[in-house]
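Engineer: Below are the structure tokens for one structure; questions will follow.
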Amino acid sequence: MPYIVGRKIKSVRVLNHKIVAGKGTKRVGSIDNTVKFTEILIGKKIIDIKRRAKNLIIVLNDHSILLVHLKMTGQLVFQPLPKSLPKREGLASSIVKGGHPIQESENKLPHKHTYIIFELDSGTLYYNDVRQFGYVLYFENETVLETEKHFDGIGVEPFDKEFTHAYFQYEVEKLKKRKIKTPIKKILLDQKIVVGCGNIYCDEVLWKSGVLPTRAISKLSNEEIKKIYNNIIDILDKAINSGGSSVANYLLADGKRGNYADYHNVYQKQDTACKKKGCPGIIKKTTFVGRGTHFCPAHQK
DNA sequence: CCTAACCCCTGCTTGC
DNA sequence: TGCAAGCAGGGGTTAG
């Protein structure tokens with residue numbers, strides 16, 4: 001799994017400066033000089049990869065950091081150097097490759113949406129991003145991440161021991177007083193209590209919990225809060241174990257697609273029968289809190 | 001302090 | 001068949 005840990009960066013090519021400039025982030029223009037971004041990374045070794053919410057933190061040997069956010073269509077795909085071929089097959093192989101590409105054209109890298117190419121000493125790491133919403137930012141060290149408050153105001157990790165039922169219950173109770181009418185979907189989407197529930201998993205969690213996305217948090221029962229808590233962990237766990245949903249352009253690090261979409265119960269299931277046992281409902285889709293929102297009007301209350 | 005609206009961007013889908 | 005408009009969405013910023 002950690003394909004790139006321990007590898008050294010030999011060269012970096014930035015084909016779209018916006019990805020490294022930090023526009024639309026809390027770090028506007030900190031490094032907007034593509035040359036500087038490129039040069040500062042050469043020779044550094046990748047020693048660790050961490051994650052905080054939906055951010056990827058690539059740690060280098062001098063403890064500088066690449067902060068990566070893929071947003072919806074970003075991809076970080078690693079292709080190892082091809083294994084050296086036996087002498088006799090070497091020539092034949094190169095001929096075959098000329099006329100009959102081994103890979104599908106869409107898998108060929110780099111392609112028109114490849115915006116950064118990291119040459120490592122064992123292969124190549126590509127940053128691709130059709131919609132260019134994502135970013136790869138350089139930080140001198142982890143302290144800078146903190147001082148620049150990049151992660152300020154975001155909630156706990158769903159798989160952290162901090163994320164207990166008691167914590168979730170307590171945080172929801174607090175909001176019940178301040179944000180009486182705020183719908184539960186908005187609370188889950190804004191990442192302030194717990195991170196990880198994007199639009200797909202919000203809809204899935206609420207479907208499984210039998211709670212309408214529009215329901216005001218002040219009207220949630222303790223039992224419903226507990227269901228939502230359990231389902232956040234359950235659904236995110238299952239999604240991760242099946243490699244994510246790959247709804248748009250999401251890929252695993254080796255370029256393969258995840259298959260959690262096969263298990264979706266509501267997301268993009270509008271006008272189909274509700275999959276809850278014995279439920280007569282037909283899944284509906286609306287726009288709510290600025291997002292496509294899917295729910296079963298029969299069993300979600 | 002809050003919320004709603006807008007912005008970034010391209011590819012796919014829909015409608016005429 | 002073509003073309004334009006609409007939609008998708010994480011999360012930041014801006015306006016009110």
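In the structure tokens, each chain is lettered A, B, ... as it comes, each chain's residues begin at 1, and ligands are numbered from 1 in order of appearance.
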Please provide as a compact mmCIF listing (two decimals) with all heavy atoms, in the first residue's frame all residues within 12 Å of segment 106-121 of chain A, with the sequence filter that same-chain residues fewer than 5 positions apart are discarded (counting only C-alpha atoms (C1' of nucleotides)).

Structural biologist:
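Result file is around38.txt:
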# COMPACT_ATOMS: atom_id res chain seq x y z
N TYR A 3 3.06 2.83 -1.50
CA TYR A 3 3.88 2.74 -2.70
C TYR A 3 5.05 3.72 -2.71
O TYR A 3 6.09 3.43 -3.26
CB TYR A 3 3.03 3.04 -3.94
CG TYR A 3 1.92 2.06 -4.19
CD1 TYR A 3 0.60 2.40 -3.92
CD2 TYR A 3 2.20 0.81 -4.74
CE1 TYR A 3 -0.43 1.51 -4.17
CE2 TYR A 3 1.17 -0.09 -4.99
CZ TYR A 3 -0.14 0.27 -4.71
OH TYR A 3 -1.14 -0.60 -4.96
N ILE A 4 4.82 4.90 -2.16
CA ILE A 4 5.82 5.96 -2.37
C ILE A 4 6.65 6.27 -1.12
O ILE A 4 7.59 7.04 -1.20
CB ILE A 4 5.15 7.25 -2.89
CG1 ILE A 4 4.15 7.81 -1.87
CG2 ILE A 4 4.47 6.99 -4.23
CD1 ILE A 4 3.61 9.18 -2.27
N VAL A 5 6.29 5.67 0.02
CA VAL A 5 7.08 5.93 1.22
C VAL A 5 8.47 5.32 1.06
O VAL A 5 8.60 4.16 0.64
CB VAL A 5 6.38 5.38 2.48
CG1 VAL A 5 7.30 5.47 3.70
CG2 VAL A 5 5.10 6.15 2.75
N GLY A 6 9.48 6.11 1.40
CA GLY A 6 10.85 5.64 1.26
C GLY A 6 11.47 6.01 -0.09
O GLY A 6 12.65 5.81 -0.30
N ARG A 7 10.65 6.55 -0.99
CA ARG A 7 11.15 6.92 -2.30
C ARG A 7 11.61 8.37 -2.33
O ARG A 7 11.10 9.21 -1.60
CB ARG A 7 10.09 6.72 -3.39
CG ARG A 7 9.40 5.41 -3.46
CD ARG A 7 10.23 4.14 -3.62
NE ARG A 7 11.65 4.23 -3.69
CZ ARG A 7 12.48 3.32 -3.17
NH1 ARG A 7 12.00 2.30 -2.50
NH2 ARG A 7 13.77 3.45 -3.31
N LYS A 8 12.55 8.62 -3.20
CA LYS A 8 13.12 9.96 -3.31
C LYS A 8 12.54 10.67 -4.54
O LYS A 8 12.28 10.02 -5.56
CB LYS A 8 14.64 9.87 -3.43
CG LYS A 8 15.35 11.21 -3.32
CD LYS A 8 16.85 11.05 -3.50
CE LYS A 8 17.54 10.72 -2.18
NZ LYS A 8 19.02 10.81 -2.30
N ILE A 9 12.34 11.97 -4.41
CA ILE A 9 11.82 12.75 -5.54
C ILE A 9 12.99 13.17 -6.43
O ILE A 9 13.90 13.86 -5.99
CB ILE A 9 11.08 14.01 -5.04
CG1 ILE A 9 9.87 13.61 -4.19
CG2 ILE A 9 10.63 14.88 -6.23
CD1 ILE A 9 9.19 14.76 -3.45
N LYS A 10 12.96 12.70 -7.67
CA LYS A 10 14.04 13.03 -8.59
C LYS A 10 13.77 14.32 -9.35
O LYS A 10 14.65 15.13 -9.56
CB LYS A 10 14.26 11.88 -9.59
CG LYS A 10 14.93 10.67 -8.94
CD LYS A 10 14.78 9.41 -9.77
CE LYS A 10 15.45 9.54 -11.13
NZ LYS A 10 15.18 8.32 -11.95
N SER A 11 12.51 14.46 -9.77
CA SER A 11 12.15 15.71 -10.45
C SER A 11 10.66 15.93 -10.34
O SER A 11 9.89 15.00 -10.06
CB SER A 11 12.57 15.66 -11.93
OG SER A 11 11.74 14.72 -12.62
N VAL A 12 10.25 17.17 -10.54
CA VAL A 12 8.83 17.52 -10.47
C VAL A 12 8.50 18.40 -11.66
O VAL A 12 9.22 19.35 -11.97
CB VAL A 12 8.51 18.31 -9.17
CG1 VAL A 12 7.03 18.63 -9.10
CG2 VAL A 12 8.95 17.52 -7.94
N ARG A 13 7.40 18.06 -12.34
CA ARG A 13 6.93 18.92 -13.42
C ARG A 13 5.52 19.39 -13.07
O ARG A 13 4.63 18.57 -12.83
CB ARG A 13 6.90 18.16 -14.75
CG ARG A 13 8.18 18.30 -15.55
CD ARG A 13 8.07 17.55 -16.86
NE ARG A 13 8.04 16.11 -16.64
CZ ARG A 13 7.64 15.21 -17.52
NH1 ARG A 13 7.21 15.61 -18.69
NH2 ARG A 13 7.65 13.92 -17.23
N VAL A 14 5.33 20.70 -13.02
CA VAL A 14 4.01 21.26 -12.75
C VAL A 14 3.44 21.77 -14.06
O VAL A 14 3.99 22.67 -14.67
CB VAL A 14 4.09 22.40 -11.71
CG1 VAL A 14 2.71 23.01 -11.49
CG2 VAL A 14 4.66 21.88 -10.40
N LEU A 15 2.32 21.18 -14.48
CA LEU A 15 1.74 21.55 -15.77
C LEU A 15 0.56 22.50 -15.62
O LEU A 15 -0.01 22.95 -16.60
CB LEU A 15 1.32 20.28 -16.53
CG LEU A 15 2.44 19.24 -16.67
CD1 LEU A 15 1.92 17.93 -17.23
CD2 LEU A 15 3.57 19.78 -17.55
N ASN A 16 0.17 22.76 -14.38
CA ASN A 16 -0.93 23.70 -14.11
C ASN A 16 -0.62 24.37 -12.77
O ASN A 16 -0.78 23.76 -11.72
CB ASN A 16 -2.25 22.95 -14.06
CG ASN A 16 -3.44 23.86 -13.79
OD1 ASN A 16 -3.28 24.99 -13.33
ND2 ASN A 16 -4.63 23.37 -14.08
N HIS A 17 -0.18 25.61 -12.84
CA HIS A 17 0.29 26.28 -11.63
C HIS A 17 -0.79 26.47 -10.58
O HIS A 17 -0.52 26.61 -9.40
CB HIS A 17 0.91 27.64 -11.98
CG HIS A 17 -0.10 28.68 -12.34
ND1 HIS A 17 -0.65 28.76 -13.60
CD2 HIS A 17 -0.70 29.64 -11.60
CE1 HIS A 17 -1.53 29.75 -13.61
NE2 HIS A 17 -1.58 30.30 -12.41
N LYS A 18 -2.06 26.47 -11.03
CA LYS A 18 -3.16 26.71 -10.07
C LYS A 18 -3.22 25.63 -8.99
O LYS A 18 -3.62 25.90 -7.87
CB LYS A 18 -4.50 26.76 -10.82
CG LYS A 18 -4.78 28.12 -11.42
CD LYS A 18 -6.15 28.15 -12.05
CE LYS A 18 -6.07 27.74 -13.49
NZ LYS A 18 -7.36 27.90 -14.20
N ILE A 19 -2.82 24.44 -9.35
CA ILE A 19 -2.88 23.34 -8.39
C ILE A 19 -1.94 23.56 -7.20
O ILE A 19 -2.23 23.18 -6.08
CB ILE A 19 -2.54 21.99 -9.08
CG1 ILE A 19 -3.45 21.76 -10.31
CG2 ILE A 19 -2.66 20.82 -8.11
CD1 ILE A 19 -4.91 21.59 -10.02
N VAL A 20 -0.82 24.21 -7.44
CA VAL A 20 0.15 24.43 -6.36
C VAL A 20 0.10 25.84 -5.79
O VAL A 20 0.77 26.13 -4.80
CB VAL A 20 1.60 24.11 -6.81
CG1 VAL A 20 1.69 22.69 -7.33
CG2 VAL A 20 2.11 25.09 -7.84
N THR A 34 5.83 28.38 -9.56
CA THR A 34 5.94 26.98 -9.95
C THR A 34 7.38 26.49 -9.89
O THR A 34 7.66 25.38 -9.48
CB THR A 34 5.38 26.80 -11.36
OG1 THR A 34 4.00 27.17 -11.33
CG2 THR A 34 5.50 25.37 -11.81
N PHE A 37 8.30 25.75 -6.30
CA PHE A 37 7.65 24.52 -5.86
C PHE A 37 8.41 23.32 -6.39
O PHE A 37 8.67 22.35 -5.68
CB PHE A 37 6.20 24.49 -6.36
CG PHE A 37 5.45 23.24 -6.02
CD1 PHE A 37 4.73 23.15 -4.83
CD2 PHE A 37 5.45 22.14 -6.88
CE1 PHE A 37 4.03 21.99 -4.52
CE2 PHE A 37 4.75 20.99 -6.56
CZ PHE A 37 4.04 20.91 -5.38
N THR A 38 8.78 23.40 -7.62
CA THR A 38 9.48 22.30 -8.28
C THR A 38 10.86 22.06 -7.67
O THR A 38 11.21 20.96 -7.30
CB THR A 38 9.64 22.62 -9.78
OG1 THR A 38 8.34 22.80 -10.33
CG2 THR A 38 10.34 21.50 -10.50
N GLU A 39 11.60 23.15 -7.53
CA GLU A 39 12.99 23.02 -7.09
C GLU A 39 13.12 22.62 -5.63
O GLU A 39 14.03 21.88 -5.26
CB GLU A 39 13.73 24.34 -7.35
CG GLU A 39 13.96 24.58 -8.83
CD GLU A 39 14.67 25.88 -9.11
OE1 GLU A 39 14.79 26.71 -8.17
OE2 GLU A 39 15.09 26.08 -10.26
N LEU A 41 11.47 20.63 -3.95
CA LEU A 41 11.17 19.23 -3.67
C LEU A 41 12.24 18.25 -4.14
O LEU A 41 12.30 17.11 -3.68
CB LEU A 41 9.83 18.85 -4.32
CG LEU A 41 8.61 19.56 -3.73
CD1 LEU A 41 7.37 19.25 -4.57
CD2 LEU A 41 8.38 19.15 -2.29
N ILE A 42 13.06 18.71 -5.05
CA ILE A 42 14.04 17.79 -5.66
C ILE A 42 15.03 17.26 -4.62
O ILE A 42 15.58 18.02 -3.83
CB ILE A 42 14.78 18.49 -6.81
CG1 ILE A 42 13.79 18.75 -7.95
CG2 ILE A 42 15.95 17.63 -7.31
CD1 ILE A 42 14.36 19.55 -9.10
N GLY A 43 15.19 15.96 -4.63
CA GLY A 43 16.15 15.31 -3.73
C GLY A 43 15.56 14.93 -2.39
O GLY A 43 16.17 14.19 -1.62
N LYS A 44 14.34 15.40 -2.09
CA LYS A 44 13.75 15.06 -0.80
C LYS A 44 13.13 13.67 -0.85
O LYS A 44 12.68 13.20 -1.90
CB LYS A 44 12.71 16.11 -0.40
CG LYS A 44 13.37 17.44 -0.06
CD LYS A 44 12.42 18.49 0.43
CE LYS A 44 13.21 19.78 0.67
NZ LYS A 44 12.35 20.89 1.08
N LYS A 45 13.12 13.04 0.31
CA LYS A 45 12.63 11.67 0.40
C LYS A 45 11.29 11.65 1.13
O LYS A 45 11.11 12.36 2.13
CB LYS A 45 13.67 10.84 1.18
CG LYS A 45 13.42 9.35 1.18
CD LYS A 45 14.63 8.66 1.81
CE LYS A 45 14.36 7.20 2.11
NZ LYS A 45 15.53 6.57 2.76
N ILE A 46 10.38 10.85 0.63
CA ILE A 46 9.07 10.72 1.27
C ILE A 46 9.20 9.74 2.43
O ILE A 46 9.57 8.57 2.22
CB ILE A 46 8.03 10.23 0.24
CG1 ILE A 46 7.85 11.27 -0.87
CG2 ILE A 46 6.69 9.93 0.94
CD1 ILE A 46 7.14 10.75 -2.10
N VAL A 68 -2.23 17.54 0.32
CA VAL A 68 -2.98 17.24 -0.90
C VAL A 68 -4.47 17.14 -0.59
O VAL A 68 -4.86 16.45 0.35
CB VAL A 68 -2.52 15.90 -1.53
CG1 VAL A 68 -3.25 15.64 -2.84
CG2 VAL A 68 -1.01 15.89 -1.74
N THR A 73 -12.47 15.36 -8.14
CA THR A 73 -11.95 14.66 -9.31
C THR A 73 -10.43 14.51 -9.30
O THR A 73 -9.84 14.12 -10.30
CB THR A 73 -12.38 15.38 -10.61
OG1 THR A 73 -11.92 16.75 -10.55
CG2 THR A 73 -13.88 15.36 -10.78
N GLY A 74 -9.81 14.85 -8.18
CA GLY A 74 -8.36 14.70 -8.10
C GLY A 74 -7.95 13.24 -8.00
O GLY A 74 -8.68 12.42 -7.44
N GLN A 75 -6.82 12.93 -8.56
CA GLN A 75 -6.28 11.57 -8.47
C GLN A 75 -4.79 11.65 -8.20
O GLN A 75 -4.10 12.50 -8.75
CB GLN A 75 -6.45 10.81 -9.78
CG GLN A 75 -7.85 10.75 -10.32
CD GLN A 75 -7.90 10.15 -11.71
OE1 GLN A 75 -6.94 10.23 -12.48
NE2 GLN A 75 -9.02 9.53 -12.04
N LEU A 76 -4.31 10.76 -7.38
CA LEU A 76 -2.88 10.62 -7.17
C LEU A 76 -2.58 9.17 -7.52
O LEU A 76 -2.95 8.26 -6.80
CB LEU A 76 -2.55 10.91 -5.70
CG LEU A 76 -1.28 11.64 -5.31
CD1 LEU A 76 -0.91 12.77 -6.23
CD2 LEU A 76 -1.37 12.12 -3.89
N VAL A 77 -1.99 8.98 -8.66
CA VAL A 77 -1.78 7.62 -9.16
C VAL A 77 -0.30 7.33 -9.33
O VAL A 77 0.43 8.12 -9.94
CB VAL A 77 -2.52 7.41 -10.51
CG1 VAL A 77 -2.22 6.02 -11.07
CG2 VAL A 77 -4.02 7.60 -10.33
N PHE A 78 0.12 6.21 -8.77
CA PHE A 78 1.53 5.83 -8.86
C PHE A 78 1.71 4.71 -9.87
O PHE A 78 0.97 3.74 -9.86
CB PHE A 78 2.02 5.35 -7.50
CG PHE A 78 3.47 4.93 -7.51
CD1 PHE A 78 4.48 5.86 -7.69
CD2 PHE A 78 3.81 3.60 -7.34
CE1 PHE A 78 5.80 5.48 -7.71
CE2 PHE A 78 5.15 3.21 -7.35
CZ PHE A 78 6.15 4.15 -7.53
N GLN A 79 2.69 4.91 -10.75
CA GLN A 79 3.04 3.84 -11.68
C GLN A 79 4.49 3.46 -11.46
O GLN A 79 5.38 4.27 -11.70
CB GLN A 79 2.82 4.30 -13.14
CG GLN A 79 1.36 4.34 -13.49
CD GLN A 79 1.12 4.51 -14.98
OE1 GLN A 79 2.02 4.84 -15.75
NE2 GLN A 79 -0.12 4.28 -15.39
N PRO A 80 4.73 2.25 -10.98
CA PRO A 80 6.10 1.82 -10.76
C PRO A 80 6.85 1.71 -12.08
O PRO A 80 6.23 1.55 -13.14
CB PRO A 80 5.95 0.45 -10.09
CG PRO A 80 4.58 -0.01 -10.43
CD PRO A 80 3.75 1.22 -10.68
N LEU A 81 8.15 1.80 -12.01
CA LEU A 81 8.95 1.59 -13.22
C LEU A 81 8.68 0.19 -13.73
O LEU A 81 8.56 -0.74 -12.94
CB LEU A 81 10.45 1.72 -12.88
CG LEU A 81 10.99 3.12 -12.64
CD1 LEU A 81 12.42 3.02 -12.14
CD2 LEU A 81 10.95 3.93 -13.93
N PRO A 101 -1.16 -0.70 -27.87
CA PRO A 101 -0.94 -0.25 -26.50
C PRO A 101 -1.54 -1.24 -25.50
O PRO A 101 -2.65 -1.73 -25.73
CB PRO A 101 -1.68 1.09 -26.44
CG PRO A 101 -1.81 1.53 -27.84
CD PRO A 101 -1.87 0.29 -28.68
N TYR A 126 1.53 10.60 -10.45
CA TYR A 126 0.80 11.58 -11.25
C TYR A 126 -0.32 12.21 -10.44
O TYR A 126 -1.09 11.50 -9.79
CB TYR A 126 0.18 10.90 -12.48
CG TYR A 126 1.18 10.29 -13.42
CD1 TYR A 126 1.55 8.95 -13.29
CD2 TYR A 126 1.74 11.05 -14.44
CE1 TYR A 126 2.47 8.38 -14.17
CE2 TYR A 126 2.66 10.48 -15.32
CZ TYR A 126 3.01 9.15 -15.18
OH TYR A 126 3.92 8.59 -16.04
N TYR A 127 -0.41 13.52 -10.52
CA TYR A 127 -1.58 14.21 -9.96
C TYR A 127 -2.47 14.60 -11.14
O TYR A 127 -2.10 15.43 -11.96
CB TYR A 127 -1.19 15.45 -9.15
CG TYR A 127 -2.43 16.14 -8.62
CD1 TYR A 127 -3.06 15.70 -7.46
CD2 TYR A 127 -3.04 17.18 -9.34
CE1 TYR A 127 -4.23 16.28 -7.01
CE2 TYR A 127 -4.22 17.76 -8.90
CZ TYR A 127 -4.81 17.30 -7.74
OH TYR A 127 -5.99 17.86 -7.31
N ASN A 128 -3.65 13.98 -11.22
CA ASN A 128 -4.62 14.28 -12.28
C ASN A 128 -5.85 14.91 -11.64
O ASN A 128 -6.21 14.57 -10.52
CB ASN A 128 -5.06 12.99 -12.99
CG ASN A 128 -3.91 12.10 -13.38
OD1 ASN A 128 -2.91 12.57 -13.91
ND2 ASN A 128 -4.02 10.82 -13.08
N ASP A 129 -6.50 15.81 -12.36
CA ASP A 129 -7.67 16.47 -11.76
C ASP A 129 -8.49 17.17 -12.84
O ASP A 129 -8.24 18.33 -13.19
CB ASP A 129 -7.20 17.49 -10.71
CG ASP A 129 -8.35 17.97 -9.85
OD1 ASP A 129 -9.52 17.68 -10.16
OD2 ASP A 129 -8.07 18.66 -8.84
N VAL A 130 -9.52 16.49 -13.32
CA VAL A 130 -10.34 17.03 -14.40
C VAL A 130 -10.85 18.44 -14.08
O VAL A 130 -10.69 19.36 -14.87
CB VAL A 130 -11.52 16.10 -14.72
CG1 VAL A 130 -12.51 16.78 -15.65
CG2 VAL A 130 -11.03 14.81 -15.36
N ARG A 131 -11.47 18.60 -12.94
CA ARG A 131 -12.09 19.91 -12.64
C ARG A 131 -11.16 20.90 -11.95
O ARG A 131 -11.56 22.02 -11.66
CB ARG A 131 -13.35 19.69 -11.81
CG ARG A 131 -14.44 19.03 -12.63
CD ARG A 131 -15.70 18.81 -11.85
NE ARG A 131 -16.31 17.58 -12.28
CZ ARG A 131 -17.36 17.03 -11.72
NH1 ARG A 131 -17.93 17.60 -10.68
NH2 ARG A 131 -17.83 15.90 -12.16
N GLN A 132 -9.98 20.46 -11.63
CA GLN A 132 -8.97 21.36 -11.07
C GLN A 132 -9.41 22.02 -9.77
O GLN A 132 -9.06 23.18 -9.51
CB GLN A 132 -8.58 22.42 -12.11
CG GLN A 132 -8.13 21.83 -13.43
CD GLN A 132 -8.00 22.87 -14.52
OE1 GLN A 132 -7.60 24.00 -14.27
NE2 GLN A 132 -8.35 22.50 -15.73
N PHE A 133 -10.20 21.33 -8.98
CA PHE A 133 -10.61 21.89 -7.68
C PHE A 133 -9.58 21.57 -6.60
O PHE A 133 -9.51 22.23 -5.58
CB PHE A 133 -11.95 21.30 -7.24
CG PHE A 133 -13.15 21.93 -7.87
CD1 PHE A 133 -13.03 22.74 -8.97
CD2 PHE A 133 -14.41 21.72 -7.34
CE1 PHE A 133 -14.14 23.33 -9.56
CE2 PHE A 133 -15.53 22.30 -7.90
CZ PHE A 133 -15.40 23.11 -9.02
N GLY A 134 -8.85 20.51 -6.79
CA GLY A 134 -7.92 20.04 -5.76
C GLY A 134 -6.64 20.86 -5.73
O GLY A 134 -6.46 21.80 -6.51
N TYR A 135 -5.76 20.53 -4.79
CA TYR A 135 -4.50 21.25 -4.70
C TYR A 135 -3.40 20.40 -4.05
O TYR A 135 -3.68 19.41 -3.38
CB TYR A 135 -4.67 22.55 -3.90
CG TYR A 135 -5.39 22.41 -2.58
CD1 TYR A 135 -4.73 21.97 -1.45
CD2 TYR A 135 -6.74 22.74 -2.46
CE1 TYR A 135 -5.38 21.86 -0.23
CE2 TYR A 135 -7.40 22.65 -1.24
CZ TYR A 135 -6.71 22.20 -0.13
OH TYR A 135 -7.35 22.09 1.07
N VAL A 136 -2.19 20.81 -4.31
CA VAL A 136 -1.01 20.21 -3.68
C VAL A 136 -0.18 21.38 -3.17
O VAL A 136 0.38 22.13 -3.95
CB VAL A 136 -0.19 19.38 -4.70
CG1 VAL A 136 1.04 18.76 -4.01
CG2 VAL A 136 -1.05 18.27 -5.31
N LEU A 137 -0.16 21.55 -1.86
CA LEU A 137 0.50 22.71 -1.29
C LEU A 137 1.75 22.31 -0.50
O LEU A 137 1.76 21.28 0.16
CB LEU A 137 -0.45 23.46 -0.34
CG LEU A 137 -1.78 23.92 -0.92
CD1 LEU A 137 -2.59 24.64 0.14
CD2 LEU A 137 -1.55 24.82 -2.13
N ASN A 249 -14.18 10.51 -10.48
CA ASN A 249 -12.86 10.15 -10.97
C ASN A 249 -12.00 9.53 -9.89
O ASN A 249 -10.81 9.38 -10.04
CB ASN A 249 -12.14 11.39 -11.50
CG ASN A 249 -12.83 11.96 -12.68
OD1 ASN A 249 -13.98 12.35 -12.58
ND2 ASN A 249 -12.17 11.98 -13.80
N LEU A 251 -9.89 7.25 -7.73
CA LEU A 251 -9.16 6.01 -7.99
C LEU A 251 -8.32 5.66 -6.78
O LEU A 251 -7.97 6.51 -5.97
CB LEU A 251 -8.21 6.18 -9.18
CG LEU A 251 -8.81 6.45 -10.56
CD1 LEU A 251 -7.69 6.62 -11.57
CD2 LEU A 251 -9.72 5.31 -10.97
N ASP A 254 -3.17 2.76 -7.01
CA ASP A 254 -2.62 2.03 -8.14
C ASP A 254 -3.44 2.24 -9.41
O ASP A 254 -3.24 1.59 -10.42
CB ASP A 254 -2.54 0.53 -7.82
CG ASP A 254 -3.89 -0.06 -7.43
OD1 ASP A 254 -4.90 0.67 -7.51
OD2 ASP A 254 -3.92 -1.24 -7.06
N GLY A 255 -4.42 3.16 -9.33
CA GLY A 255 -5.21 3.50 -10.51
C GLY A 255 -6.49 2.69 -10.66
O GLY A 255 -7.26 2.91 -11.58
N LYS A 256 -6.75 1.75 -9.73
CA LYS A 256 -7.97 0.97 -9.84
C LYS A 256 -9.15 1.72 -9.23
O LYS A 256 -8.98 2.61 -8.39
CB LYS A 256 -7.79 -0.37 -9.11
CG LYS A 256 -6.75 -1.27 -9.76
CD LYS A 256 -6.80 -2.67 -9.16
CE LYS A 256 -5.79 -3.59 -9.83
NZ LYS A 256 -4.64 -3.88 -8.98
N ARG A 257 -10.33 1.33 -9.63
CA ARG A 257 -11.54 1.96 -9.11
C ARG A 257 -12.01 1.25 -7.85
O ARG A 257 -11.81 0.06 -7.69
CB ARG A 257 -12.66 1.91 -10.15
CG ARG A 257 -12.40 2.74 -11.39
CD ARG A 257 -13.49 2.53 -12.41
NE ARG A 257 -14.76 3.11 -11.98
CZ ARG A 257 -15.10 4.37 -12.20
NH1 ARG A 257 -14.28 5.17 -12.83
NH2 ARG A 257 -16.26 4.83 -11.79
P DC B 9 -10.98 28.47 -12.89
OP1 DC B 9 -9.52 28.51 -13.03
OP2 DC B 9 -11.82 29.55 -13.46
O5' DC B 9 -11.54 27.11 -13.48
C5' DC B 9 -10.84 25.91 -13.22
C4' DC B 9 -11.70 24.73 -13.59
O4' DC B 9 -12.87 24.69 -12.77
C3' DC B 9 -12.25 24.78 -15.00
O3' DC B 9 -11.28 24.25 -15.89
C2' DC B 9 -13.49 23.90 -14.91
C1' DC B 9 -13.79 23.82 -13.42
N1 DC B 9 -15.14 24.25 -13.03
C2 DC B 9 -16.04 23.31 -12.51
O2 DC B 9 -15.65 22.14 -12.39
N3 DC B 9 -17.28 23.70 -12.15
C4 DC B 9 -17.64 24.98 -12.30
N4 DC B 9 -18.87 25.32 -11.92
C5 DC B 9 -16.75 25.96 -12.82
C6 DC B 9 -15.52 25.56 -13.18
P DT B 10 -11.56 24.16 -17.44
OP1 DT B 10 -10.24 24.11 -18.09
OP2 DT B 10 -12.55 25.18 -17.81
O5' DT B 10 -12.24 22.74 -17.62
C5' DT B 10 -11.54 21.57 -17.22
C4' DT B 10 -12.48 20.39 -17.32
O4' DT B 10 -13.65 20.63 -16.52
C3' DT B 10 -12.98 20.10 -18.74
O3' DT B 10 -12.83 18.71 -18.93
C2' DT B 10 -14.44 20.53 -18.72
C1' DT B 10 -14.82 20.34 -17.25
N1 DT B 10 -15.87 21.24 -16.72
C2 DT B 10 -16.84 20.72 -15.89
O2 DT B 10 -16.88 19.55 -15.59
N3 DT B 10 -17.76 21.63 -15.43
C4 DT B 10 -17.80 22.98 -15.70
O4 DT B 10 -18.68 23.69 -15.21
C5 DT B 10 -16.76 23.47 -16.57
C7 DT B 10 -16.72 24.92 -16.92
C6 DT B 10 -15.86 22.59 -17.03
P DG B 11 -13.01 18.03 -20.35
OP1 DG B 11 -11.80 17.23 -20.62
OP2 DG B 11 -13.51 19.01 -21.34
O5' DG B 11 -14.18 17.03 -20.00
C5' DG B 11 -14.01 16.12 -18.92
C4' DG B 11 -15.32 15.43 -18.63
O4' DG B 11 -16.26 16.37 -18.07
C3' DG B 11 -15.99 14.86 -19.88
O3' DG B 11 -16.61 13.65 -19.49
C2' DG B 11 -17.02 15.92 -20.24
C1' DG B 11 -17.43 16.43 -18.87
N9 DG B 11 -17.92 17.81 -18.83
C8 DG B 11 -17.43 18.89 -19.52
N7 DG B 11 -18.06 20.01 -19.24
C5 DG B 11 -19.02 19.63 -18.31
C6 DG B 11 -20.00 20.41 -17.65
O6 DG B 11 -20.21 21.62 -17.74
N1 DG B 11 -20.77 19.63 -16.79
C2 DG B 11 -20.61 18.28 -16.61
N2 DG B 11 -21.44 17.70 -15.75
N3 DG B 11 -19.69 17.54 -17.21
C4 DG B 11 -18.93 18.28 -18.06

Engineer: Quick one: residues within 10 Å of segment 8-15 of chain C, only C-alpha atoms (C1' of nucleotides) counted, chain neighbours fewer than 4 positions away excluded, as a list in words?

Structural biologist: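 What passes the distance filter is Lys23, Gly24, Thr25, Lys26, Lys54, His69, Leu70, Lys71, Met72, Thr73, Phe133, Gly134, Leu189, Asp190, Gly198, Asn199, Ala248, Gly290, Arg291 and Gly292 of chain A; DA4, DA5, DC6, DC7, DC8, DG11 and DC12 of chain B.
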
Engineer: Fewer than 6 positions away in the same chain doesn't count, so skip those; otherwise give me all residues within 10 Å of segment 171-187 of chain A, counting only C-alpha atoms (C1' of nucleotides), as a list in words.

Structural biologist: His165, Ile193, Val194, Cys197, Gly198, Asn199, Cys202, Asp203, Val205, Leu206, Val211, Leu212, Pro213, Thr214, Arg215, Ala216, Ile217, Ser218, Lys219, Leu220, Asn222, Ile225, Ile228, Phe288, Val289, Gly290, Arg291 and Thr293 of chain A; DC2 of chain B

Engineer: If I take atom CA of Thr143 of chain A and atom CA of Gly196 of chain A, how far is one from the other in Å, to one decimal?

Structural biologist: 23.6 Å

Engineer: One number please: atom CA of Leu66 of chain A to atom CA of Glu157 of chain A, in Å, one decimal.

Structural biologist: 20.3 Å

Engineer: Counting only C-alpha atoms (C1' of nucleotides), figure out which residue out of A:Tyr167, A:Val28, A:Trp207, A:Asn230 gets nearest to chain C.

Structural biologist: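 Selected residue with least distance to chain C: A:Val28.
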
Engineer: Hey, can you check how far atom CA of Gly281 of chain A sits from atom CA of His294 of chain A?

Structural biologist: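 Those two atoms sit 12.3 Å apart.
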